[in-house]
>>> print(open('protein_17.cif').read())   # mmCIF, C-alpha atoms, pLDDT in the B column; chains and numbers go by the auth columns
data_structure
#
loop_
_atom_site.group_PDB
_atom_site.id
_atom_site.type_symbol
_atom_site.label_atom_id
_atom_site.label_comp_id
_atom_site.label_asym_id
_atom_site.label_seq_id
_atom_site.Cartn_x
_atom_site.Cartn_y
_atom_site.Cartn_z
_atom_site.B_iso_or_equiv
_atom_site.auth_seq_id
_atom_site.auth_asym_id
ATOM 1 C CA ALA A 1 149.550 106.293 41.876 46.00 1297 A
ATOM 2 C CA PHE A 2 149.341 107.341 45.490 40.00 1298 A
ATOM 3 C CA SER A 3 146.088 107.589 47.401 37.00 1299 A
ATOM 4 C CA ALA A 4 145.713 110.550 49.702 37.00 1300 A
ATOM 5 C CA ALA A 5 144.478 110.471 53.247 33.00 1301 A
ATOM 6 C CA SER A 6 141.575 112.811 54.030 29.00 1302 A
ATOM 7 C CA SER A 7 141.833 116.042 54.904 28.00 1303 A
ATOM 8 C CA VAL A 8 144.712 129.752 50.594 27.00 1304 A
ATOM 9 C CA GLU A 9 146.997 132.304 49.588 30.00 1305 A
ATOM 10 C CA SER A 10 149.418 134.663 48.051 32.00 1306 A
ATOM 11 C CA PHE A 11 151.260 134.080 44.904 33.00 1307 A
ATOM 12 C CA ALA A 12 154.802 134.430 46.080 31.00 1308 A
ATOM 13 C CA ARG A 13 157.207 131.638 45.190 31.00 1309 A
ATOM 14 C CA ARG A 14 157.494 130.409 48.778 32.00 1310 A
ATOM 15 C CA SER A 15 155.900 131.354 52.075 32.00 1311 A
ATOM 16 C CA CYS A 16 156.030 129.257 55.232 31.00 1312 A
ATOM 17 C CA SER A 17 153.479 129.009 57.993 34.00 1313 A
ATOM 18 C CA PRO A 18 154.456 128.094 61.574 35.00 1314 A
ATOM 19 C CA PRO A 19 155.668 124.471 62.015 36.00 1315 A
ATOM 20 C CA GLY A 20 152.877 121.912 62.182 37.00 1316 A
ATOM 21 C CA LEU A 21 150.365 124.042 60.294 39.00 1317 A
ATOM 22 C CA SER A 22 150.906 124.328 56.574 46.00 1318 A
ATOM 23 C CA GLN A 23 153.478 125.274 54.002 49.00 1319 A
ATOM 24 C CA THR A 24 152.478 127.026 50.813 54.00 1320 A
ATOM 25 C CA HIS A 25 154.415 127.139 47.547 59.00 1321 A
ATOM 26 C CA PHE A 26 153.245 129.449 44.796 51.00 1322 A
ATOM 27 C CA PHE A 27 154.585 130.054 41.366 51.00 1323 A
ATOM 28 C CA ASN A 28 155.032 133.815 41.025 45.00 1324 A
ATOM 29 C CA MET A 29 153.085 134.649 37.861 46.00 1325 A
ATOM 30 C CA ALA A 30 149.957 135.823 39.678 44.00 1326 A
ATOM 31 C CA ASP A 31 150.363 138.032 42.712 47.00 1327 A
ATOM 32 C CA ASP A 32 147.845 139.069 45.310 45.00 1328 A
ATOM 33 C CA ASP A 33 148.021 142.688 44.158 46.00 1329 A
ATOM 34 C CA VAL A 34 145.874 141.584 41.215 49.00 1330 A
ATOM 35 C CA GLU A 35 142.169 141.014 41.647 54.00 1331 A
ATOM 36 C CA THR A 36 141.071 137.452 41.044 60.00 1332 A
ATOM 37 C CA PHE A 37 137.749 135.876 41.902 58.00 1333 A
ATOM 38 C CA ASP A 38 137.561 132.942 44.290 59.00 1334 A
ATOM 39 C CA ASN A 39 134.709 131.258 42.462 59.00 1335 A
ATOM 40 C CA GLU A 40 133.494 131.256 38.897 60.00 1336 A
ATOM 41 C CA GLY A 41 129.959 132.597 38.952 57.00 1337 A
ATOM 42 C CA ALA A 42 127.293 131.089 36.784 50.00 1338 A
ATOM 43 C CA GLY A 43 127.237 132.739 33.394 60.00 1339 A
ATOM 44 C CA ALA A 44 130.462 134.665 34.007 74.00 1340 A
ATOM 45 C CA SER A 45 131.981 135.955 30.787 91.00 1341 A
ATOM 46 C CA LEU A 46 135.447 134.834 29.745 94.00 1342 A
ATOM 47 C CA THR A 47 136.586 138.403 29.105 96.00 1343 A
ATOM 48 C CA ILE A 48 135.459 141.962 29.704 96.00 1344 A
ATOM 49 C CA PRO A 49 136.147 145.162 27.739 97.00 1345 A
ATOM 50 C CA MET A 50 138.282 147.834 29.371 97.00 1346 A
ATOM 51 C CA GLU A 51 139.757 151.123 28.240 97.00 1347 A
ATOM 52 C CA ALA A 52 143.471 150.613 27.627 97.00 1348 A
ATOM 53 C CA GLY A 53 144.423 153.625 29.707 95.00 1349 A
ATOM 54 C CA GLN A 54 142.809 152.044 32.785 96.00 1350 A
ATOM 55 C CA ILE A 55 145.019 148.934 32.777 97.00 1351 A
ATOM 56 C CA ARG A 56 147.968 149.132 35.158 96.00 1352 A
ATOM 57 C CA LYS A 57 151.122 147.151 35.830 97.00 1353 A
ATOM 58 C CA GLY A 58 150.127 143.947 37.610 96.00 1354 A
ATOM 59 C CA GLY A 59 146.726 143.888 35.918 97.00 1355 A
ATOM 60 C CA TYR A 60 145.514 141.477 33.274 98.00 1356 A
ATOM 61 C CA ILE A 61 145.134 141.885 29.520 98.00 1357 A
ATOM 62 C CA VAL A 62 144.406 139.609 26.558 98.00 1358 A
ATOM 63 C CA ILE A 63 147.117 139.703 23.878 98.00 1359 A
ATOM 64 C CA GLN A 64 146.951 137.408 20.839 97.00 1360 A
ATOM 65 C CA ASN A 65 144.023 135.631 22.487 97.00 1361 A
ATOM 66 C CA ARG A 66 146.127 134.718 25.541 98.00 1362 A
ATOM 67 C CA PRO A 67 145.470 135.766 29.164 98.00 1363 A
ATOM 68 C CA CYS A 68 148.459 137.788 30.301 98.00 1364 A
ATOM 69 C CA LYS A 69 149.648 139.662 33.353 97.00 1365 A
ATOM 70 C CA VAL A 70 151.006 143.152 32.626 98.00 1366 A
ATOM 71 C CA GLU A 71 154.674 143.496 33.554 98.00 1367 A
ATOM 72 C CA ASN A 72 155.079 147.031 32.274 98.00 1368 A
ATOM 73 C CA VAL A 73 152.937 149.692 30.653 97.00 1369 A
ATOM 74 C CA SER A 74 154.093 153.012 29.297 96.00 1370 A
ATOM 75 C CA THR A 75 152.084 155.747 27.623 93.00 1371 A
ATOM 76 C CA SER A 76 153.386 157.736 24.701 89.00 1372 A
ATOM 77 C CA LYS A 77 152.605 161.426 24.398 80.00 1373 A
ATOM 78 C CA THR A 78 149.623 162.453 22.369 73.00 1374 A
ATOM 79 C CA GLY A 79 150.534 163.197 18.782 67.00 1375 A
ATOM 80 C CA LYS A 80 149.347 166.221 16.821 69.00 1376 A
ATOM 81 C CA HIS A 81 146.586 164.269 15.120 66.00 1377 A
ATOM 82 C CA GLY A 82 146.261 161.179 17.262 74.00 1378 A
ATOM 83 C CA HIS A 83 145.771 159.703 20.693 80.00 1379 A
ATOM 84 C CA ALA A 84 148.227 158.746 23.388 92.00 1380 A
ATOM 85 C CA LYS A 85 149.164 155.089 23.033 94.00 1381 A
ATOM 86 C CA CYS A 86 149.677 152.497 25.763 96.00 1382 A
ATOM 87 C CA ASN A 87 152.594 150.153 25.239 97.00 1383 A
ATOM 88 C CA PHE A 88 152.039 146.876 27.098 98.00 1384 A
ATOM 89 C CA VAL A 89 154.608 144.224 27.967 98.00 1385 A
ATOM 90 C CA ALA A 90 152.854 141.219 29.504 98.00 1386 A
ATOM 91 C CA LYS A 91 153.461 137.584 30.316 97.00 1387 A
ATOM 92 C CA ASP A 92 151.129 134.643 29.677 98.00 1388 A
ATOM 93 C CA ILE A 93 149.831 133.514 33.081 97.00 1389 A
ATOM 94 C CA PHE A 94 149.950 129.855 32.034 97.00 1390 A
ATOM 95 C CA THR A 95 153.122 129.562 29.950 96.00 1391 A
ATOM 96 C CA GLY A 96 155.293 132.525 30.931 96.00 1392 A
ATOM 97 C CA LYS A 97 155.650 133.596 27.292 97.00 1393 A
ATOM 98 C CA ARG A 98 156.087 137.351 26.924 98.00 1394 A
ATOM 99 C CA TYR A 99 153.855 139.414 24.627 98.00 1395 A
ATOM 100 C CA GLU A 100 153.725 143.066 23.608 98.00 1396 A
ATOM 101 C CA ASP A 101 150.869 145.198 22.361 97.00 1397 A
ATOM 102 C CA ILE A 102 150.194 148.864 21.578 95.00 1398 A
ATOM 103 C CA VAL A 103 146.670 150.227 22.061 95.00 1399 A
ATOM 104 C CA PRO A 104 145.416 153.858 21.937 93.00 1400 A
ATOM 105 C CA SER A 105 144.761 154.829 25.558 93.00 1401 A
ATOM 106 C CA THR A 106 141.130 155.772 24.937 92.00 1402 A
ATOM 107 C CA HIS A 107 140.335 152.621 22.948 95.00 1403 A
ATOM 108 C CA SER A 108 138.771 149.527 24.427 96.00 1404 A
ATOM 109 C CA THR A 109 140.812 146.346 24.763 97.00 1405 A
ATOM 110 C CA THR A 110 140.056 142.973 26.377 97.00 1406 A
ATOM 111 C CA VAL A 111 140.754 141.803 29.914 97.00 1407 A
ATOM 112 C CA PRO A 112 140.352 138.149 30.998 97.00 1408 A
ATOM 113 C CA ASN A 113 138.224 137.154 33.949 96.00 1409 A
ATOM 114 C CA VAL A 114 140.628 135.198 36.164 96.00 1410 A
ATOM 115 C CA PHE A 115 139.327 132.853 38.848 95.00 1411 A
ATOM 116 C CA ARG A 116 141.273 131.275 41.691 95.00 1412 A
ATOM 117 C CA SER A 117 140.400 127.936 43.276 95.00 1413 A
ATOM 118 C CA GLU A 118 141.878 125.321 45.578 97.00 1414 A
ATOM 119 C CA TYR A 119 141.435 121.545 45.571 98.00 1415 A
ATOM 120 C CA MET A 120 142.437 118.698 47.870 98.00 1416 A
ATOM 121 C CA VAL A 121 144.587 116.145 46.038 98.00 1417 A
ATOM 122 C CA LEU A 122 143.252 112.602 46.378 97.00 1418 A
ATOM 123 C CA ASP A 123 145.489 110.847 43.891 97.00 1419 A
ATOM 124 C CA ILE A 124 148.216 111.423 41.291 97.00 1420 A
ATOM 125 C CA GLU A 125 148.382 109.020 38.346 96.00 1421 A
ATOM 126 C CA LEU A 126 151.510 109.169 36.199 95.00 1422 A
ATOM 127 C CA GLY A 127 150.059 107.300 33.217 88.00 1423 A
ATOM 128 C CA ASP A 128 151.933 106.928 29.938 90.00 1424 A
ATOM 129 C CA ASP A 129 152.962 110.554 29.447 88.00 1425 A
ATOM 130 C CA ALA A 130 154.626 111.225 32.792 94.00 1426 A
ATOM 131 C CA SER A 131 157.298 109.681 34.988 95.00 1427 A
ATOM 132 C CA GLU A 132 158.660 110.181 38.480 94.00 1428 A
ATOM 133 C CA ALA A 133 161.640 111.995 36.955 94.00 1429 A
ATOM 134 C CA ASN A 134 159.340 114.252 34.913 95.00 1430 A
ATOM 135 C CA PRO A 135 155.777 114.117 36.274 97.00 1431 A
ATOM 136 C CA SER A 136 154.425 116.943 34.083 96.00 1432 A
ATOM 137 C CA GLY A 137 151.142 115.775 32.607 96.00 1433 A
ATOM 138 C CA ALA A 138 150.333 113.358 35.444 97.00 1434 A
ATOM 139 C CA ARG A 139 146.601 113.315 36.095 97.00 1435 A
ATOM 140 C CA LEU A 140 145.215 114.632 39.366 98.00 1436 A
ATOM 141 C CA SER A 141 142.158 113.386 41.188 98.00 1437 A
ATOM 142 C CA CYS A 142 140.992 116.227 43.385 98.00 1438 A
ATOM 143 C CA LEU A 143 138.169 117.166 45.703 97.00 1439 A
ATOM 144 C CA ASP A 144 136.495 120.554 45.789 96.00 1440 A
ATOM 145 C CA GLU A 145 135.794 120.825 49.505 92.00 1441 A
ATOM 146 C CA ALA A 146 133.329 123.666 49.001 91.00 1442 A
ATOM 147 C CA SER A 147 131.039 121.661 46.723 93.00 1443 A
ATOM 148 C CA GLY A 148 132.029 118.124 47.720 95.00 1444 A
ATOM 149 C CA GLU A 149 132.514 117.273 44.043 96.00 1445 A
ATOM 150 C CA GLU A 150 135.519 115.546 42.504 96.00 1446 A
ATOM 151 C CA ASN A 151 137.564 117.270 39.809 96.00 1447 A
ATOM 152 C CA ASN A 152 139.450 114.930 37.507 96.00 1448 A
ATOM 153 C CA THR A 153 140.275 117.439 34.779 96.00 1449 A
ATOM 154 C CA LEU A 154 143.594 118.753 36.136 98.00 1450 A
ATOM 155 C CA SER A 155 147.125 117.620 35.413 97.00 1451 A
ATOM 156 C CA LEU A 156 150.541 118.585 36.716 98.00 1452 A
ATOM 157 C CA PRO A 157 151.799 121.611 34.749 97.00 1453 A
ATOM 158 C CA ASP A 158 154.950 121.871 32.671 94.00 1454 A
ATOM 159 C CA PHE A 159 155.461 125.512 33.676 94.00 1455 A
ATOM 160 C CA PRO A 160 157.381 126.542 35.644 91.00 1456 A
ATOM 161 C CA ASP A 161 159.898 123.732 35.280 90.00 1457 A
ATOM 162 C CA SER A 162 160.083 122.534 38.880 94.00 1458 A
ATOM 163 C CA LEU A 163 156.454 122.874 39.963 97.00 1459 A
ATOM 164 C CA ALA A 164 155.241 119.446 38.808 97.00 1460 A
ATOM 165 C CA SER A 165 158.138 117.684 40.541 97.00 1461 A
ATOM 166 C CA ASP A 166 157.667 119.713 43.714 97.00 1462 A
ATOM 167 C CA ILE A 167 153.987 118.770 43.873 98.00 1463 A
ATOM 168 C CA TYR A 168 154.560 115.112 43.034 97.00 1464 A
ATOM 169 C CA ASN A 169 157.402 114.685 45.525 97.00 1465 A
ATOM 170 C CA THR A 170 155.430 116.452 48.262 97.00 1466 A
ATOM 171 C CA PHE A 171 152.453 114.189 47.603 97.00 1467 A
ATOM 172 C CA LYS A 172 154.688 111.126 47.955 96.00 1468 A
ATOM 173 C CA GLU A 173 155.969 112.485 51.264 95.00 1469 A
ATOM 174 C CA THR A 174 152.410 112.883 52.564 95.00 1470 A
ATOM 175 C CA GLN A 175 151.828 109.168 51.913 94.00 1471 A
ATOM 176 C CA GLU A 176 154.820 108.024 53.946 93.00 1472 A
ATOM 177 C CA GLU A 177 154.490 106.707 57.486 91.00 1473 A
ATOM 178 C CA THR A 178 157.397 108.801 58.726 92.00 1474 A
ATOM 179 C CA GLY A 179 158.818 112.213 57.868 90.00 1475 A
ATOM 180 C CA ASP A 180 157.882 115.862 58.281 91.00 1476 A
ATOM 181 C CA LYS A 181 154.897 115.619 55.924 92.00 1477 A
ATOM 182 C CA ALA A 182 153.712 112.104 56.803 92.00 1478 A
ATOM 183 C CA GLY A 183 149.927 112.088 57.066 93.00 1479 A
ATOM 184 C CA HIS A 184 149.579 115.629 55.734 96.00 1480 A
ATOM 185 C CA THR A 185 146.991 116.589 53.132 96.00 1481 A
ATOM 186 C CA LEU A 186 148.075 118.177 49.859 97.00 1482 A
ATOM 187 C CA PHE A 187 146.143 121.013 48.242 98.00 1483 A
ATOM 188 C CA VAL A 188 146.735 122.576 44.828 98.00 1484 A
ATOM 189 C CA GLN A 189 145.885 126.163 43.892 97.00 1485 A
ATOM 190 C CA CYS A 190 144.656 126.871 40.385 97.00 1486 A
ATOM 191 C CA LEU A 191 143.938 129.774 38.108 96.00 1487 A
ATOM 192 C CA LYS A 192 141.220 129.599 35.475 96.00 1488 A
ATOM 193 C CA ALA A 193 140.953 132.002 32.574 97.00 1489 A
ATOM 194 C CA MET A 194 139.494 131.805 29.087 97.00 1490 A
ATOM 195 C CA ASP A 195 138.273 128.210 29.513 95.00 1491 A
ATOM 196 C CA HIS A 196 141.621 126.916 30.765 97.00 1492 A
ATOM 197 C CA GLU A 197 142.384 125.890 34.353 97.00 1493 A
ATOM 198 C CA GLN A 198 145.937 125.215 35.500 97.00 1494 A
ATOM 199 C CA VAL A 199 147.711 124.361 38.734 97.00 1495 A
ATOM 200 C CA VAL A 200 149.930 127.259 39.825 96.00 1496 A
ATOM 201 C CA GLY A 201 150.829 126.380 43.412 96.00 1497 A
ATOM 202 C CA PHE A 202 150.330 123.985 46.302 97.00 1498 A
ATOM 203 C CA ARG A 203 150.376 123.601 50.058 96.00 1499 A
ATOM 204 C CA SER A 204 150.459 120.757 52.542 94.00 1500 A
ATOM 205 C CA GLU A 205 148.551 120.767 55.800 93.00 1501 A
ATOM 206 C CA SER A 206 148.644 118.531 58.843 89.00 1502 A
#
>>> encode(input="protein_17.cif", output="structure tokens")
Amino acid sequence: AFSAASSVESFARRSCSPPGLSQTHFFNMADDDVETFDNEGAGASLTIPMEAGQIRKGGYIVIQNRPCKVENVSTSKTGKHGHAKCNFVAKDIFTGKRYEDIVPSTHSTTVPNVFRSEYMVLDIELGDDASEANPSGARLSCLDEASGEENNTLSLPDFPDSLASDIYNTFKETQEETGDKAGHTLFVQCLKAMDHEQVVGFRSES
């Protein structure tokens, strides 16, 4: 494990700040054109009902009890005795698996409440299920700077393939005495939906 020194935000794969400030790396499943909430309010529901015809490309939808981001939505013409139907193609925000669903445009469907958060990484512990070559599943010890509380529930994700290694290798670099990231602080960005929280990006800051 590596112990961190002491010490938000687009979801593009890579965006760089000016040298000496910070560098942010985001996995591209959740873009800033989609509304997310920075903090999970007390008593917030996991999902909300929404008329299918109101959901747009880039929005969220629950399909087969999974929180998904809509990649494409098309609406069929109204039939003689029926309603127009919305055809959704969406991708799981945590696994990348693609789902499809068809819902009458005037019927209610379910949309997940998605919350975004950021934590300072204090430590990464490989344990028995992770290795330096494949650190997916390594446990994170993090600090929520807003509340001052530690969060020890997160682990390095296995999706997308390179994210866990990128985070782990960057954390190692921040612990070195020399190098571009020596002495930097590592932060991870997370999405939480339907009682699951997962790391989806990271940044380092001097």
>>> closest_residue(input="protein_17.cif", among="A:Ile1398, A:Ala1340, A:Ala1489, A:Leu1482", to="Lys1365 of chain A", atoms="only C-alpha atoms")
A:Ala1489
>>> closest_residue(input="protein_17.cif", among="A:Cys1364, A:Ala1348, A:Val1358, A:Leu1422", to="Asn1383 of chain A", atoms="only C-alpha atoms")
A:Ala1348
>>> resolve_selection(input="protein_17.cif", expression="the PyMOL selection byres ((chain A and resi 1434-1438) around 9)", output="number ranges by chain")
A: 1415-1427, 1431-1433, 1439-1440, 1445-1453, 1460, 1464, 1483-1484
>>> closest_residue(input="protein_17.cif", among="A:His1403, A:Lys1468, A:Lys1353, A:Lys1373", to="Val1385 of chain A", atoms="all atoms listed in the file")
A:Lys1353
>>> closest_residue(input="protein_17.cif", among="A:Ile1344, A:Asp1388, A:Glu1473, A:Val1399", to="Val1369 of chain A", atoms="all atoms listed in the file")
A:Val1399
>>> resolve_selection(input="protein_17.cif", expression="the PyMOL selection byres ((chain A and resi 1352) around 10)", output="PDB file with C-alpha atoms, in the frame of the given file")
ATOM      1  CA  VAL A1330     145.874 141.584  41.215  1.00 49.00           C
ATOM      2  CA  ALA A1348     143.471 150.613  27.627  1.00 97.00           C
ATOM      3  CA  GLY A1349     144.423 153.625  29.707  1.00 95.00           C
ATOM      4  CA  GLN A1350     142.809 152.044  32.785  1.00 96.00           C
ATOM      5  CA  ILE A1351     145.019 148.934  32.777  1.00 97.00           C
ATOM      6  CA  LYS A1353     151.122 147.151  35.830  1.00 97.00           C
ATOM      7  CA  GLY A1354     150.127 143.947  37.610  1.00 96.00           C
ATOM      8  CA  GLY A1355     146.726 143.888  35.918  1.00 97.00           C
ATOM      9  CA  TYR A1356     145.514 141.477  33.274  1.00 98.00           C
ATOM     10  CA  ILE A1357     145.134 141.885  29.520  1.00 98.00           C
ATOM     11  CA  LYS A1365     149.648 139.662  33.353  1.00 97.00           C
ATOM     12  CA  VAL A1366     151.006 143.152  32.626  1.00 98.00           C
ATOM     13  CA  GLU A1367     154.674 143.496  33.554  1.00 98.00           C
ATOM     14  CA  ASN A1368     155.079 147.031  32.274  1.00 98.00           C
ATOM     15  CA  VAL A1369     152.937 149.692  30.653  1.00 97.00           C
ATOM     16  CA  SER A1370     154.093 153.012  29.297  1.00 96.00           C
ATOM     17  CA  PHE A1384     152.039 146.876  27.098  1.00 98.00           C
TER      18      PHE A1384
END
>>> resolve_selection(input="protein_17.cif", expression="the PyMOL selection byres ((chain A and resi 1455-1458) around 10)", output="list in words")
Phe1323, Asn1324, Met1325, Ile1389, Phe1390, Thr1391, Gly1392, Asn1430, Pro1431, Ser1432, Leu1452, Pro1453, Asp1454, Leu1459, Ala1460, Ser1461, Asp1462, Ile1463, Gln1494, Val1495 and Val1496 of chain A
>>> closest_residue(input="protein_17.cif", among="A:Ala1478, A:Ala1386, A:Val1410, A:Met1346", to="His1492 of chain A", atoms="all atoms listed in the file")
A:Val1410
>>> closest_residue(input="protein_17.cif", among="A:Gln1360, A:Gln1485, A:Ser1502, A:Thr1371", to="Arg1412 of chain A", atoms="all atoms listed in the file")
A:Gln1485
>>> atom_distance(input="protein_17.cif", atom1="atom CA of Leu1487 of chain A", atom2="atom CA of Ser1401 of chain A")
28.0 Å
>>> atom_distance(input="protein_17.cif", atom1="atom CA of Thr1405 of chain A", atom2="atom CA of Cys1486 of chain A")
25.3 Å
>>> atom_distance(input="protein_17.cif", atom1="atom CA of Glu1493 of chain A", atom2="atom CA of Glu1396 of chain A")
23.2 Å
>>> decode(input="protein_17.cif", residues="segment 1388-1405 of chain A", atoms="N, CA and C atoms", output="mmCIF file, in the first residue's frame")
data_model
loop_
_atom_site.group_PDB
_atom_site.id
_atom_site.type_symbol
_atom_site.label_atom_id
_atom_site.label_comp_id
_atom_site.auth_asym_id
_atom_site.auth_seq_id
_atom_site.Cartn_x
_atom_site.Cartn_y
_atom_site.Cartn_z
ATOM 1 N N ASP A 1388 -25.165 0.851 -19.599
ATOM 2 C CA ASP A 1388 -25.001 0.822 -18.147
ATOM 3 C C ASP A 1388 -23.869 1.770 -17.744
ATOM 4 N N ILE A 1389 -24.127 2.684 -16.818
ATOM 5 C CA ILE A 1389 -23.110 3.671 -16.458
ATOM 6 C C ILE A 1389 -21.966 3.064 -15.664
ATOM 7 N N PHE A 1390 -22.134 1.853 -15.149
ATOM 8 C CA PHE A 1390 -21.087 1.226 -14.354
ATOM 9 C C PHE A 1390 -20.348 0.105 -15.077
ATOM 10 N N THR A 1391 -20.993 -0.537 -16.031
ATOM 11 C CA THR A 1391 -20.362 -1.682 -16.702
ATOM 12 C C THR A 1391 -20.163 -1.484 -18.195
ATOM 13 N N GLY A 1392 -20.869 -0.524 -18.783
ATOM 14 C CA GLY A 1392 -20.780 -0.309 -20.223
ATOM 15 C C GLY A 1392 -21.642 -1.245 -21.044
ATOM 16 N N LYS A 1393 -22.373 -2.152 -20.387
ATOM 17 C CA LYS A 1393 -23.232 -3.084 -21.122
ATOM 18 C C LYS A 1393 -24.394 -2.325 -21.756
ATOM 19 N N ARG A 1394 -24.715 -2.679 -22.986
ATOM 20 C CA ARG A 1394 -25.776 -1.983 -23.718
ATOM 21 C C ARG A 1394 -27.121 -2.692 -23.514
ATOM 22 N N TYR A 1395 -28.160 -1.883 -23.329
ATOM 23 C CA TYR A 1395 -29.523 -2.379 -23.148
ATOM 24 C C TYR A 1395 -30.456 -1.660 -24.111
ATOM 25 N N GLU A 1396 -31.589 -2.314 -24.398
ATOM 26 C CA GLU A 1396 -32.624 -1.696 -25.222
ATOM 27 C C GLU A 1396 -33.972 -1.869 -24.541
ATOM 28 N N ASP A 1397 -34.848 -0.896 -24.775
ATOM 29 C CA ASP A 1397 -36.187 -0.970 -24.203
ATOM 30 C C ASP A 1397 -37.142 -0.192 -25.094
ATOM 31 N N ILE A 1398 -38.403 -0.597 -25.101
ATOM 32 C CA ILE A 1398 -39.451 0.094 -25.852
ATOM 33 C C ILE A 1398 -40.570 0.436 -24.880
ATOM 34 N N VAL A 1399 -40.914 1.723 -24.800
ATOM 35 C CA VAL A 1399 -41.923 2.190 -23.850
ATOM 36 C C VAL A 1399 -42.868 3.152 -24.579
ATOM 37 N N PRO A 1400 -44.188 2.991 -24.451
ATOM 38 C CA PRO A 1400 -45.113 3.985 -25.019
ATOM 39 C C PRO A 1400 -44.747 5.383 -24.529
ATOM 40 N N SER A 1401 -44.746 6.349 -25.427
ATOM 41 C CA SER A 1401 -44.223 7.684 -25.105
ATOM 42 C C SER A 1401 -44.977 8.377 -23.976
ATOM 43 N N THR A 1402 -46.247 8.043 -23.804
ATOM 44 C CA THR A 1402 -47.036 8.699 -22.757
ATOM 45 C C THR A 1402 -47.033 7.918 -21.446
ATOM 46 N N HIS A 1403 -46.370 6.758 -21.429
ATOM 47 C CA HIS A 1403 -46.317 5.950 -20.217
ATOM 48 C C HIS A 1403 -45.138 6.367 -19.343
ATOM 49 N N SER A 1404 -45.277 6.106 -18.061
ATOM 50 C CA SER A 1404 -44.218 6.429 -17.124
ATOM 51 C C SER A 1404 -43.181 5.316 -17.093
ATOM 52 N N THR A 1405 -41.907 5.708 -17.060
ATOM 53 C CA THR A 1405 -40.826 4.751 -16.855
ATOM 54 C C THR A 1405 -39.986 5.256 -15.682
#
